[in-house]
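Q: Just start_31.cif, nothing more (mmCIF, C-alpha atoms and all ligand atoms):
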```
data_data
loop_
_atom_site.group_PDB
_atom_site.id
_atom_site.type_symbol
_atom_site.label_atom_id
_atom_site.label_comp_id
_atom_site.auth_asym_id
_atom_site.auth_seq_id
_atom_site.Cartn_x
_atom_site.Cartn_y
_atom_site.Cartn_z
ATOM 1 C CA MET T 197 52.041 -60.004 145.965
ATOM 2 C CA LEU T 198 50.258 -63.099 144.640
ATOM 3 C CA PHE T 199 50.629 -64.568 141.141
ATOM 4 C CA ASP T 200 47.620 -66.501 139.831
ATOM 5 C CA THR T 201 49.455 -68.527 137.175
ATOM 6 C CA HIS T 202 46.324 -69.945 135.511
ATOM 7 C CA ALA T 203 42.930 -68.264 135.075
ATOM 8 C CA HIS T 204 40.475 -68.229 132.168
ATOM 9 C CA TYR T 205 38.939 -64.744 131.976
ATOM 10 C CA ASP T 206 37.605 -65.445 128.474
ATOM 11 C CA ASP T 207 34.938 -67.633 130.108
ATOM 12 C CA ALA T 208 31.384 -66.360 129.616
ATOM 13 C CA ARG T 209 30.900 -66.338 133.400
ATOM 14 C CA PHE T 210 33.050 -63.183 133.445
ATOM 15 C CA ASP T 211 31.110 -61.377 130.698
ATOM 16 C CA SER T 212 29.141 -59.205 133.112
ATOM 17 C CA ASP T 213 32.059 -57.878 135.193
ATOM 18 C CA ARG T 214 35.370 -58.894 133.568
ATOM 19 C CA ASP T 215 36.995 -55.447 133.363
ATOM 20 C CA LEU T 216 35.820 -54.367 136.802
ATOM 21 C CA LEU T 217 37.000 -57.616 138.366
ATOM 22 C CA LEU T 218 40.414 -57.534 136.666
ATOM 23 C CA SER T 219 40.860 -53.859 137.568
ATOM 24 C CA SER T 220 40.320 -54.733 141.242
ATOM 25 C CA MET T 221 43.151 -57.305 141.393
ATOM 26 C CA PRO T 222 46.136 -55.109 142.365
ATOM 27 C CA GLU T 223 44.292 -53.593 145.352
ATOM 28 C CA ASN T 224 43.536 -57.179 146.448
ATOM 29 C CA HIS T 225 47.236 -58.148 146.413
ATOM 30 C CA VAL T 226 46.978 -60.128 143.173
ATOM 31 C CA GLY T 227 49.898 -58.602 141.308
ATOM 32 C CA LEU T 228 50.180 -60.988 138.361
ATOM 33 C CA ILE T 229 47.814 -63.218 136.374
ATOM 34 C CA LEU T 230 48.513 -65.560 133.480
ATOM 35 C CA ASN T 231 45.545 -66.262 131.202
ATOM 36 C CA PRO T 232 46.092 -69.329 128.996
ATOM 37 C CA GLY T 233 44.241 -69.986 125.753
ATOM 38 C CA CYS T 234 42.251 -73.155 125.036
ATOM 39 C CA ASP T 235 41.730 -72.635 121.305
ATOM 40 C CA ILE T 236 42.455 -69.953 118.713
ATOM 41 C CA ALA T 237 39.596 -67.681 119.812
ATOM 42 C CA SER T 238 40.372 -67.813 123.537
ATOM 43 C CA SER T 239 44.087 -67.351 122.810
ATOM 44 C CA LYS T 240 43.208 -64.097 121.039
ATOM 45 C CA GLN T 241 41.081 -63.098 124.027
ATOM 46 C CA ALA T 242 43.961 -63.852 126.390
ATOM 47 C CA ILE T 243 46.246 -61.561 124.403
ATOM 48 C CA SER T 244 43.643 -58.783 124.433
ATOM 49 C CA TYR T 245 43.426 -58.852 128.269
ATOM 50 C CA ALA T 246 47.224 -58.926 128.530
ATOM 51 C CA GLU T 247 47.445 -55.857 126.334
ATOM 52 C CA LYS T 248 44.785 -54.058 128.361
ATOM 53 C CA PHE T 249 46.013 -54.842 131.908
ATOM 54 C CA PRO T 250 49.729 -54.469 132.677
ATOM 55 C CA PHE T 251 49.647 -57.274 135.287
ATOM 56 C CA VAL T 252 48.030 -59.844 132.964
ATOM 57 C CA TYR T 253 50.111 -62.086 130.704
ATOM 58 C CA ALA T 254 48.896 -64.547 128.077
ATOM 59 C CA ALA T 255 49.581 -68.018 126.766
ATOM 60 C CA VAL T 256 48.291 -69.364 123.464
ATOM 61 C CA GLY T 257 47.378 -72.967 122.831
ATOM 62 C CA ILE T 258 44.877 -75.645 121.929
ATOM 63 C CA HIS T 259 43.490 -77.551 124.926
ATOM 64 C CA PRO T 260 43.146 -81.348 124.572
ATOM 65 C CA GLU T 261 39.368 -81.074 125.061
ATOM 66 C CA ASN T 262 39.158 -78.704 122.092
ATOM 67 C CA ILE T 263 40.801 -80.755 119.349
ATOM 68 C CA GLU T 264 37.591 -81.374 117.418
ATOM 69 C CA GLY T 265 37.811 -79.599 114.093
ATOM 70 C CA VAL T 266 41.490 -78.752 114.562
ATOM 71 C CA ASP T 267 43.502 -78.884 111.343
ATOM 72 C CA LEU T 268 47.176 -78.813 112.296
ATOM 73 C CA GLU T 269 48.368 -77.631 108.886
ATOM 74 C CA GLN T 270 46.024 -74.697 109.012
ATOM 75 C CA ASP T 271 45.921 -73.955 112.745
ATOM 76 C CA MET T 272 49.569 -74.271 113.808
ATOM 77 C CA PRO T 273 50.733 -71.322 111.673
ATOM 78 C CA ILE T 274 47.867 -69.248 113.157
ATOM 79 C CA LEU T 275 48.935 -70.218 116.673
ATOM 80 C CA GLU T 276 52.553 -69.427 115.896
ATOM 81 C CA ALA T 277 51.618 -66.023 114.476
ATOM 82 C CA LEU T 278 49.608 -65.299 117.640
ATOM 83 C CA ALA T 279 52.497 -66.404 119.862
ATOM 84 C CA VAL T 280 54.879 -63.942 118.248
ATOM 85 C CA SER T 281 52.279 -61.193 117.774
ATOM 86 C CA SER T 282 52.710 -59.750 121.271
ATOM 87 C CA PRO T 283 55.491 -59.616 123.857
ATOM 88 C CA ARG T 284 52.755 -60.295 126.432
ATOM 89 C CA VAL T 285 52.564 -63.949 125.277
ATOM 90 C CA ARG T 286 54.810 -65.884 127.661
ATOM 91 C CA ALA T 287 53.936 -69.540 127.094
ATOM 92 C CA ILE T 288 52.277 -72.145 124.891
ATOM 93 C CA GLY T 289 49.231 -73.449 126.766
ATOM 94 C CA GLU T 290 47.210 -74.960 127.759
ATOM 95 C CA ILE T 291 48.176 -78.129 125.949
ATOM 96 C CA GLY T 292 48.316 -81.802 126.837
ATOM 97 C CA LEU T 293 46.186 -84.917 127.207
ATOM 98 C CA ASP T 294 42.773 -85.448 128.783
ATOM 99 C CA TYR T 295 41.715 -89.087 128.984
ATOM 100 C CA TYR T 296 38.870 -88.306 131.355
ATOM 101 C CA TRP T 297 36.852 -86.609 128.641
ATOM 102 C CA MET T 298 38.367 -88.443 125.671
ATOM 103 C CA LYS T 299 37.868 -92.225 125.660
ATOM 104 C CA GLU T 300 38.103 -92.921 121.907
ATOM 105 C CA PRO T 301 41.530 -94.329 120.884
ATOM 106 C CA ASP T 302 41.579 -92.283 117.655
ATOM 107 C CA ALA T 303 40.735 -89.079 119.514
ATOM 108 C CA ARG T 304 43.470 -89.825 122.049
ATOM 109 C CA ARG T 305 45.976 -90.352 119.239
ATOM 110 C CA PHE T 306 44.998 -87.006 117.752
ATOM 111 C CA GLN T 307 45.310 -85.327 121.173
ATOM 112 C CA ALA T 308 48.886 -86.612 121.310
ATOM 113 C CA GLU T 309 49.550 -85.307 117.809
ATOM 114 C CA VAL T 310 48.223 -81.833 118.678
ATOM 115 C CA PHE T 311 50.212 -81.897 121.949
ATOM 116 C CA ARG T 312 53.461 -82.811 120.141
ATOM 117 C CA ALA T 313 52.977 -80.137 117.486
ATOM 118 C CA GLN T 314 52.633 -77.531 120.249
ATOM 119 C CA MET T 315 55.671 -78.894 122.143
ATOM 120 C CA ARG T 316 57.651 -78.433 118.923
ATOM 121 C CA LEU T 317 56.300 -74.899 118.551
ATOM 122 C CA ALA T 318 57.330 -74.061 122.136
ATOM 123 C CA GLY T 319 60.796 -75.446 121.438
ATOM 124 C CA ARG T 320 61.126 -73.400 118.262
ATOM 125 C CA LEU T 321 60.004 -70.179 119.948
ATOM 126 C CA GLY T 322 61.885 -70.792 123.205
ATOM 127 C CA LEU T 323 58.666 -70.516 125.247
ATOM 128 C CA PRO T 324 57.658 -72.625 128.257
ATOM 129 C CA VAL T 325 54.558 -74.851 128.135
ATOM 130 C CA ILE T 326 51.499 -75.098 130.386
ATOM 131 C CA VAL T 327 50.509 -78.766 130.453
ATOM 132 C CA HIS T 328 47.033 -80.103 131.176
ATOM 133 C CA ASP T 329 47.266 -83.787 132.129
ATOM 134 C CA ARG T 330 44.091 -85.459 133.276
ATOM 135 C CA GLU T 331 44.240 -89.216 133.831
ATOM 136 C CA ALA T 332 46.999 -89.435 131.234
ATOM 137 C CA HIS T 333 50.135 -89.243 133.396
ATOM 138 C CA LEU T 334 52.272 -91.873 131.675
ATOM 139 C CA ASP T 335 51.535 -90.743 128.122
ATOM 140 C CA SER T 336 52.033 -87.078 129.084
ATOM 141 C CA LEU T 337 55.402 -87.939 130.601
ATOM 142 C CA THR T 338 56.427 -89.909 127.508
ATOM 143 C CA ILE T 339 55.677 -86.889 125.330
ATOM 144 C CA VAL T 340 57.386 -84.224 127.462
ATOM 145 C CA GLU T 341 60.451 -86.481 127.745
ATOM 146 C CA GLN T 342 60.745 -86.334 123.947
ATOM 147 C CA TYR T 343 61.347 -82.557 124.129
ATOM 148 C CA PRO T 344 64.105 -82.193 126.734
ATOM 149 C CA LYS T 345 64.823 -78.576 125.795
ATOM 150 C CA VAL T 346 61.243 -77.520 126.537
ATOM 151 C CA HIS T 347 60.207 -76.945 130.132
ATOM 152 C CA GLY T 348 57.138 -75.561 131.814
ATOM 153 C CA VAL T 349 54.477 -76.359 134.361
ATOM 154 C CA PHE T 350 52.045 -79.205 134.945
ATOM 155 C CA HIS T 351 48.964 -77.239 135.943
ATOM 156 C CA CYS T 352 46.268 -78.488 138.331
ATOM 157 C CA TYR T 353 48.695 -81.230 139.222
ATOM 158 C CA SER T 354 46.940 -84.523 139.983
ATOM 159 C CA GLY T 355 49.682 -87.160 139.754
ATOM 160 C CA SER T 356 51.613 -89.040 142.413
ATOM 161 C CA ALA T 357 54.713 -87.936 144.318
ATOM 162 C CA GLU T 358 56.805 -90.409 142.253
ATOM 163 C CA PHE T 359 55.572 -88.930 138.977
ATOM 164 C CA ALA T 360 56.242 -85.443 140.389
ATOM 165 C CA ALA T 361 59.850 -86.434 141.119
ATOM 166 C CA ARG T 362 60.368 -87.392 137.468
ATOM 167 C CA LEU T 363 58.868 -84.087 136.266
ATOM 168 C CA LEU T 364 61.136 -82.135 138.620
ATOM 169 C CA GLU T 365 64.143 -83.919 137.102
ATOM 170 C CA LEU T 366 62.949 -82.778 133.689
ATOM 171 C CA GLY T 367 62.850 -79.172 134.948
ATOM 172 C CA TYR T 368 59.084 -78.773 135.275
ATOM 173 C CA TYR T 369 57.195 -76.816 137.899
ATOM 174 C CA LEU T 370 53.981 -78.119 139.477
ATOM 175 C CA SER T 371 51.014 -75.905 140.066
ATOM 176 C CA PHE T 372 48.074 -76.445 142.393
ATOM 177 C CA THR T 373 44.443 -75.342 142.343
ATOM 178 C CA GLY T 374 41.687 -75.262 144.966
ATOM 179 C CA VAL T 375 41.856 -79.049 145.122
ATOM 180 C CA ILE T 376 44.580 -78.733 147.810
ATOM 181 C CA THR T 377 42.076 -76.929 150.055
ATOM 182 C CA TYR T 378 39.586 -79.812 149.925
ATOM 183 C CA LYS T 379 39.435 -82.091 152.947
ATOM 184 C CA ASN T 380 39.898 -85.324 150.951
ATOM 185 C CA ALA T 381 42.938 -84.117 148.989
ATOM 186 C CA LYS T 382 45.421 -86.429 150.704
ATOM 187 C CA LYS T 383 47.369 -87.280 147.554
ATOM 188 C CA ALA T 384 47.841 -83.627 146.551
ATOM 189 C CA ALA T 385 48.983 -82.762 150.083
ATOM 190 C CA GLU T 386 51.527 -85.580 149.925
ATOM 191 C CA VAL T 387 52.926 -84.156 146.684
ATOM 192 C CA VAL T 388 53.037 -80.597 148.074
ATOM 193 C CA ARG T 389 54.965 -81.923 151.081
ATOM 194 C CA ALA T 390 57.484 -83.699 148.820
ATOM 195 C CA VAL T 391 58.091 -80.979 146.227
ATOM 196 C CA PRO T 392 60.541 -78.175 147.111
ATOM 197 C CA LEU T 393 58.941 -74.744 147.424
ATOM 198 C CA ASP T 394 61.067 -73.363 144.594
ATOM 199 C CA ARG T 395 59.213 -75.653 142.134
ATOM 200 C CA LEU T 396 55.626 -74.947 143.218
ATOM 201 C CA MET T 397 53.182 -72.477 141.719
ATOM 202 C CA ILE T 398 49.634 -71.524 142.669
ATOM 203 C CA GLU T 399 46.627 -70.982 140.414
ATOM 204 C CA THR T 400 42.868 -70.703 140.536
ATOM 205 C CA ASP T 401 41.962 -72.231 137.126
ATOM 206 C CA ALA T 402 39.104 -69.731 137.378
ATOM 207 C CA PRO T 403 36.187 -69.872 136.816
ATOM 208 C CA TYR T 404 36.506 -73.569 137.779
ATOM 209 C CA MET T 405 37.798 -75.286 140.941
ATOM 210 C CA ALA T 406 36.979 -72.647 143.563
ATOM 211 C CA PRO T 407 38.878 -73.370 146.804
ATOM 212 C CA GLU T 408 37.267 -73.891 150.196
ATOM 213 C CA PRO T 409 35.314 -72.105 151.608
ATOM 214 C CA PHE T 410 34.097 -70.842 148.208
ATOM 215 C CA ARG T 411 33.636 -74.301 146.648
ATOM 216 C CA GLY T 412 30.848 -74.336 144.065
ATOM 217 C CA LYS T 413 31.019 -70.580 143.446
ATOM 218 C CA ARG T 414 32.513 -68.848 140.423
ATOM 219 C CA ASN T 415 36.238 -68.845 141.044
ATOM 220 C CA SER T 416 38.507 -65.857 140.380
ATOM 221 C CA SER T 417 42.057 -64.729 141.135
ATOM 222 C CA LEU T 418 40.703 -63.078 144.304
ATOM 223 C CA TYR T 419 40.776 -66.550 145.868
ATOM 224 C CA VAL T 420 44.353 -67.492 144.905
ATOM 225 C CA TYR T 421 45.550 -66.642 148.443
ATOM 226 C CA ARG T 422 43.751 -69.790 149.648
ATOM 227 C CA MET T 423 46.208 -71.994 147.721
ATOM 228 C CA ALA T 424 49.141 -70.135 149.308
ATOM 229 C CA GLU T 425 47.562 -70.660 152.731
ATOM 230 C CA ALA T 426 47.067 -74.374 152.040
ATOM 231 C CA ILE T 427 50.703 -74.836 150.941
ATOM 232 C CA ALA T 428 51.957 -72.893 153.972
ATOM 233 C CA GLU T 429 49.911 -75.124 156.249
ATOM 234 C CA ILE T 430 50.910 -78.400 154.556
ATOM 235 C CA LYS T 431 54.615 -77.513 154.496
ATOM 236 C CA GLY T 432 54.653 -75.744 157.867
ATOM 237 C CA LEU T 433 56.106 -72.563 156.365
ATOM 238 C CA PRO T 434 55.285 -68.868 156.902
ATOM 239 C CA LEU T 435 52.546 -67.685 154.511
ATOM 240 C CA GLU T 436 54.671 -64.709 153.414
ATOM 241 C CA GLN T 437 57.463 -67.027 152.298
ATOM 242 C CA VAL T 438 55.060 -69.183 150.254
ATOM 243 C CA ILE T 439 53.549 -66.119 148.563
ATOM 244 C CA ARG T 440 56.958 -64.619 147.780
ATOM 245 C CA GLN T 441 58.476 -67.854 146.431
ATOM 246 C CA THR T 442 55.487 -68.999 144.330
ATOM 247 C CA THR T 443 55.338 -65.543 142.735
ATOM 248 C CA GLU T 444 59.077 -65.662 142.077
ATOM 249 C CA ASN T 445 58.730 -69.125 140.500
ATOM 250 C CA GLY T 446 56.028 -67.926 138.113
ATOM 251 C CA LYS T 447 58.068 -64.864 137.175
ATOM 252 C CA THR T 448 61.108 -67.031 136.492
ATOM 253 C CA LEU T 449 59.202 -69.546 134.367
ATOM 254 C CA PHE T 450 57.305 -66.957 132.350
ATOM 255 C CA GLY T 451 60.211 -64.509 132.058
ATOM 256 C CA ILE T 452 58.526 -61.637 133.902
ATOM 257 C CA SER T 453 60.899 -59.127 135.458
ATOM 258 C CA ALA T 454 58.506 -56.429 136.720
HETATM 259 NI NI NI H 1 42.785 -74.358 132.626
#
```
Please express the file's structure as structure tokens.
A:
Amino acid sequence: MLFDTHAHYDDARFDSDRDLLLSSMPENHVGLILNPGCDIASSKQAISYAEKFPFVYAAVGIHPENIEGVDLEQDMPILEALAVSSPRVRAIGEIGLDYYWMKEPDARRFQAEVFRAQMRLAGRLGLPVIVHDREAHLDSLTIVEQYPKVHGVFHCYSGSAEFAARLLELGYYLSFTGVITYKNAKKAAEVVRAVPLDRLMIETDAPYMAPEPFRGKRNSSLYVYRMAEAIAEIKGLPLEQVIRQTTENGKTLFGISA
């Protein structure tokens, strides 16, 4: 049974077939899905899918690309209320820093402020975090180090093996998207080789990042097996073992016992 630990079914690209597609997951060996939020509205959507489908869980959070118009005093209590509104919410995410899209120093400072506020919320609620770190490795590390009681996952991991080693020490998991199926993904393969299997998770980040040979198409959890295959190949392990362990890792992190 596969666990897609990161997929965005609130995306408009799923409007025409969302329920049908999600309903088809168990018969396609996708036994668990975690749908993170990227703002208040998508966090509410995530919770609604988690309440509708027993194999879907939710995270709530404000994504670093979506900080425009965020008012922490007003929005953090809303996020907190959402986080405790349903037992299907298992994490705060996705949260973090994105320097690829955000070049302005003031905007970057505000991203860090929003990130820290959500790290504090996760600490208060005892929930793990789902971290988005794009071209902001050092600053992301500095922030997560300030909250040693909080742990979680760096999703769509894009850092070096050295940076991965530091995150492992801090208790974080690393999760990989379709990028590890691309021919030129040498750095990601190096990290996968170095990180123990009991700290790896797989994800689609659907509808983005479709793995080979579906690159360019709308991604969905149906393709999450490709990331398991890629890890099995890179690490020279049986596919069944990779599927079993990555699912177990996700269940452990997100407190899922079923
Ligand atoms: Ni995402």
Q: Quick one: apply the PyMOL selection byres (((chain T and resi 362) around 12) and not hetatm) to the file and drop the selected residues here as a list in words.
A: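 On this input, the PyMOL selection byres (((chain T and resi 362) around 12) and not hetatm) captures His333, Leu334, Ser336, Leu337, Thr338, Val340, Glu341, Phe350, Gly355, Ser356, Ala357, Glu358, Phe359, Ala360, Ala361, Leu363, Leu364, Glu365, Leu366, Gly367, Tyr368, Tyr369, Leu370 and Val391 of chain T.
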Q: If you apply the PyMOL selection byres (((chain T and resi 262-276) around 12) and not hetatm) to this file, what residues do you get, as number ranges by chain?
A: T: 233-240, 243, 255-261, 277-282, 285, 287-294, 297-298, 302-323
Q: Write the selection just made, keeping C-alpha atoms, as a PDB file, in the coordinates of the input?
A:
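Output file selection-v1.pdb is given in full below:
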```pdb
ATOM      1  CA  GLY T 233      44.241 -69.986 125.753  1.00  0.00           C
ATOM      2  CA  CYS T 234      42.251 -73.155 125.036  1.00  0.00           C
ATOM      3  CA  ASP T 235      41.730 -72.635 121.305  1.00  0.00           C
ATOM      4  CA  ILE T 236      42.455 -69.953 118.713  1.00  0.00           C
ATOM      5  CA  ALA T 237      39.596 -67.681 119.812  1.00  0.00           C
ATOM      6  CA  SER T 238      40.372 -67.813 123.537  1.00  0.00           C
ATOM      7  CA  SER T 239      44.087 -67.351 122.810  1.00  0.00           C
ATOM      8  CA  LYS T 240      43.208 -64.097 121.039  1.00  0.00           C
ATOM      9  CA  ILE T 243      46.246 -61.561 124.403  1.00  0.00           C
ATOM     10  CA  ALA T 255      49.581 -68.018 126.766  1.00  0.00           C
ATOM     11  CA  VAL T 256      48.291 -69.364 123.464  1.00  0.00           C
ATOM     12  CA  GLY T 257      47.378 -72.967 122.831  1.00  0.00           C
ATOM     13  CA  ILE T 258      44.877 -75.645 121.929  1.00  0.00           C
ATOM     14  CA  HIS T 259      43.490 -77.551 124.926  1.00  0.00           C
ATOM     15  CA  PRO T 260      43.146 -81.348 124.572  1.00  0.00           C
ATOM     16  CA  GLU T 261      39.368 -81.074 125.061  1.00  0.00           C
ATOM     17  CA  ALA T 277      51.618 -66.023 114.476  1.00  0.00           C
ATOM     18  CA  LEU T 278      49.608 -65.299 117.640  1.00  0.00           C
ATOM     19  CA  ALA T 279      52.497 -66.404 119.862  1.00  0.00           C
ATOM     20  CA  VAL T 280      54.879 -63.942 118.248  1.00  0.00           C
ATOM     21  CA  SER T 281      52.279 -61.193 117.774  1.00  0.00           C
ATOM     22  CA  SER T 282      52.710 -59.750 121.271  1.00  0.00           C
ATOM     23  CA  VAL T 285      52.564 -63.949 125.277  1.00  0.00           C
ATOM     24  CA  ALA T 287      53.936 -69.540 127.094  1.00  0.00           C
ATOM     25  CA  ILE T 288      52.277 -72.145 124.891  1.00  0.00           C
ATOM     26  CA  GLY T 289      49.231 -73.449 126.766  1.00  0.00           C
ATOM     27  CA  GLU T 290      47.210 -74.960 127.759  1.00  0.00           C
ATOM     28  CA  ILE T 291      48.176 -78.129 125.949  1.00  0.00           C
ATOM     29  CA  GLY T 292      48.316 -81.802 126.837  1.00  0.00           C
ATOM     30  CA  LEU T 293      46.186 -84.917 127.207  1.00  0.00           C
ATOM     31  CA  ASP T 294      42.773 -85.448 128.783  1.00  0.00           C
ATOM     32  CA  TRP T 297      36.852 -86.609 128.641  1.00  0.00           C
ATOM     33  CA  MET T 298      38.367 -88.443 125.671  1.00  0.00           C
ATOM     34  CA  ASP T 302      41.579 -92.283 117.655  1.00  0.00           C
ATOM     35  CA  ALA T 303      40.735 -89.079 119.514  1.00  0.00           C
ATOM     36  CA  ARG T 304      43.470 -89.825 122.049  1.00  0.00           C
ATOM     37  CA  ARG T 305      45.976 -90.352 119.239  1.00  0.00           C
ATOM     38  CA  PHE T 306      44.998 -87.006 117.752  1.00  0.00           C
ATOM     39  CA  GLN T 307      45.310 -85.327 121.173  1.00  0.00           C
ATOM     40  CA  ALA T 308      48.886 -86.612 121.310  1.00  0.00           C
ATOM     41  CA  GLU T 309      49.550 -85.307 117.809  1.00  0.00           C
ATOM     42  CA  VAL T 310      48.223 -81.833 118.678  1.00  0.00           C
ATOM     43  CA  PHE T 311      50.212 -81.897 121.949  1.00  0.00           C
ATOM     44  CA  ARG T 312      53.461 -82.811 120.141  1.00  0.00           C
ATOM     45  CA  ALA T 313      52.977 -80.137 117.486  1.00  0.00           C
ATOM     46  CA  GLN T 314      52.633 -77.531 120.249  1.00  0.00           C
ATOM     47  CA  MET T 315      55.671 -78.894 122.143  1.00  0.00           C
ATOM     48  CA  ARG T 316      57.651 -78.433 118.923  1.00  0.00           C
ATOM     49  CA  LEU T 317      56.300 -74.899 118.551  1.00  0.00           C
ATOM     50  CA  ALA T 318      57.330 -74.061 122.136  1.00  0.00           C
ATOM     51  CA  GLY T 319      60.796 -75.446 121.438  1.00  0.00           C
ATOM     52  CA  ARG T 320      61.126 -73.400 118.262  1.00  0.00           C
ATOM     53  CA  LEU T 321      60.004 -70.179 119.948  1.00  0.00           C
ATOM     54  CA  GLY T 322      61.885 -70.792 123.205  1.00  0.00           C
ATOM     55  CA  LEU T 323      58.666 -70.516 125.247  1.00  0.00           C
TER      56      LEU T 323
END
```
Q: State, in Å with one decimal place, the distance from atom CA of Leu228 of chain T to atom CA of Val252 of chain T.
A: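 Separation between atom CA of Leu228 of chain T and atom CA of Val252 of chain T: 5.9 Å.
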Q: How many Å separate atom CA of Val226 of chain T from atom CA of Gln241 of chain T?
A: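 The value is 20.3 Å.
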Q: Name the residues, by chain letter and number, that sit within 7 Å of ligand NI 1 (chain H) using all atoms listed in the file, and give them as a VMD selection string.
A: chain T and resid 202 to 204 290 401
Q: What is the atom CA of Asp335 of chain T-atom CA of Val420 of chain T distance in Å, reported with one decimal?
A: 29.6 Å
Q: Using all atoms of segment 242-246 of chain T listed in the file and a margin of 3 Å per side, can you give the axis-aligned box centre and edge lengths in Å to one decimal, as AutoDock Vina command-line options?
A:
```
--center_x 45.3 --center_y -61.3 --center_z 126.5 --size_x 9.8 --size_y 11.1 --size_z 10.1
```
Q: Here is a test: counting all atoms listed in the file, which residue of T:Ala454, T:Ile427, T:Met221, T:Leu216 is nearest to Leu396 of chain T?
A: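 The answer is T:Ile427, which sits nearest to Leu396 of chain T.
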Q: Kindly resolve the PyMOL selection byres (((chain T and resi 413-415) around 12) and not hetatm) on the present coordinates and return the residues as a ChimeraX atom specification.
A: /T:200,202-205,207-210,217,373-374,399-412,416-420,422
Q: Leaving out Phe249 of chain T and any residue of its chain fewer than 3 positions from it, which residues lie within 10 Å of it when counting only C-alpha atoms, given as a VMD selection string?
A: chain T and resid 215 218 to 219 228 to 229 244 to 246 252 to 253
Q: Just write the chosen residues, C-alpha atoms, as a PDB file, in the frame of the given file.
A:
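This went into again25.pdb:
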```pdb
ATOM      1  CA  ASP T 215      36.995 -55.447 133.363  1.00  0.00           C
ATOM      2  CA  LEU T 218      40.414 -57.534 136.666  1.00  0.00           C
ATOM      3  CA  SER T 219      40.860 -53.859 137.568  1.00  0.00           C
ATOM      4  CA  LEU T 228      50.180 -60.988 138.361  1.00  0.00           C
ATOM      5  CA  ILE T 229      47.814 -63.218 136.374  1.00  0.00           C
ATOM      6  CA  SER T 244      43.643 -58.783 124.433  1.00  0.00           C
ATOM      7  CA  TYR T 245      43.426 -58.852 128.269  1.00  0.00           C
ATOM      8  CA  ALA T 246      47.224 -58.926 128.530  1.00  0.00           C
ATOM      9  CA  VAL T 252      48.030 -59.844 132.964  1.00  0.00           C
ATOM     10  CA  TYR T 253      50.111 -62.086 130.704  1.00  0.00           C
TER      11      TYR T 253
END
```
Q: Glu444 of chain T: which residues within 12 Å, counting all atoms listed in the file, same-chain residues fewer than 4 positions away excluded, as number ranges by chain?
A: T: 197-201, 227-228, 393-398, 437-440, 448-454
Q: Suppose we keep C-alpha atoms; can you now write the selection as a compact mmCIF listing (two decimals), in the coordinates of the input?
A:
```
# COMPACT_ATOMS: atom_id res chain seq x y z
CA MET T 197 52.04 -60.00 145.96
CA LEU T 198 50.26 -63.10 144.64
CA PHE T 199 50.63 -64.57 141.14
CA ASP T 200 47.62 -66.50 139.83
CA THR T 201 49.46 -68.53 137.18
CA GLY T 227 49.90 -58.60 141.31
CA LEU T 228 50.18 -60.99 138.36
CA LEU T 393 58.94 -74.74 147.42
CA ASP T 394 61.07 -73.36 144.59
CA ARG T 395 59.21 -75.65 142.13
CA LEU T 396 55.63 -74.95 143.22
CA MET T 397 53.18 -72.48 141.72
CA ILE T 398 49.63 -71.52 142.67
CA GLN T 437 57.46 -67.03 152.30
CA VAL T 438 55.06 -69.18 150.25
CA ILE T 439 53.55 -66.12 148.56
CA ARG T 440 56.96 -64.62 147.78
CA THR T 448 61.11 -67.03 136.49
CA LEU T 449 59.20 -69.55 134.37
CA PHE T 450 57.30 -66.96 132.35
CA GLY T 451 60.21 -64.51 132.06
CA ILE T 452 58.53 -61.64 133.90
CA SER T 453 60.90 -59.13 135.46
CA ALA T 454 58.51 -56.43 136.72
```
Q: Would you pull segment 358-367 of chain T out of the block just shown and save N, CA and C atoms as a PDB file, in the first residue's frame?
A:
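So the final result, stored in selection-v1.pdb, reads:
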```pdb
ATOM      1  N   GLU T 358      24.807  16.948   2.547  1.00  0.00           N
ATOM      2  CA  GLU T 358      25.297  17.505   3.821  1.00  0.00           C
ATOM      3  C   GLU T 358      24.153  18.157   4.601  1.00  0.00           C
ATOM      4  N   PHE T 359      23.353  18.942   3.881  1.00  0.00           N
ATOM      5  CA  PHE T 359      22.207  19.612   4.495  1.00  0.00           C
ATOM      6  C   PHE T 359      21.205  18.562   4.988  1.00  0.00           C
ATOM      7  N   ALA T 360      21.039  17.489   4.222  1.00  0.00           N
ATOM      8  CA  ALA T 360      20.139  16.401   4.616  1.00  0.00           C
ATOM      9  C   ALA T 360      20.607  15.786   5.933  1.00  0.00           C
ATOM     10  N   ALA T 361      21.923  15.616   6.076  1.00  0.00           N
ATOM     11  CA  ALA T 361      22.462  15.007   7.297  1.00  0.00           C
ATOM     12  C   ALA T 361      22.095  15.838   8.522  1.00  0.00           C
ATOM     13  N   ARG T 362      22.162  17.153   8.381  1.00  0.00           N
ATOM     14  CA  ARG T 362      21.811  18.046   9.500  1.00  0.00           C
ATOM     15  C   ARG T 362      20.314  17.927   9.835  1.00  0.00           C
ATOM     16  N   LEU T 363      19.473  17.841   8.798  1.00  0.00           N
ATOM     17  CA  LEU T 363      18.030  17.718   9.038  1.00  0.00           C
ATOM     18  C   LEU T 363      17.700  16.387   9.714  1.00  0.00           C
ATOM     19  N   LEU T 364      18.401  15.336   9.331  1.00  0.00           N
ATOM     20  CA  LEU T 364      18.180  14.026   9.958  1.00  0.00           C
ATOM     21  C   LEU T 364      18.510  14.098  11.445  1.00  0.00           C
ATOM     22  N   GLU T 365      19.605  14.795  11.773  1.00  0.00           N
ATOM     23  CA  GLU T 365      19.974  14.969  13.188  1.00  0.00           C
ATOM     24  C   GLU T 365      18.857  15.673  13.958  1.00  0.00           C
ATOM     25  N   LEU T 366      18.193  16.594  13.282  1.00  0.00           N
ATOM     26  CA  LEU T 366      17.118  17.348  13.941  1.00  0.00           C
ATOM     27  C   LEU T 366      15.821  16.537  13.999  1.00  0.00           C
ATOM     28  N   GLY T 367      15.808  15.347  13.404  1.00  0.00           N
ATOM     29  CA  GLY T 367      14.633  14.483  13.481  1.00  0.00           C
ATOM     30  C   GLY T 367      13.683  14.611  12.309  1.00  0.00           C
TER      31      GLY T 367
END
```
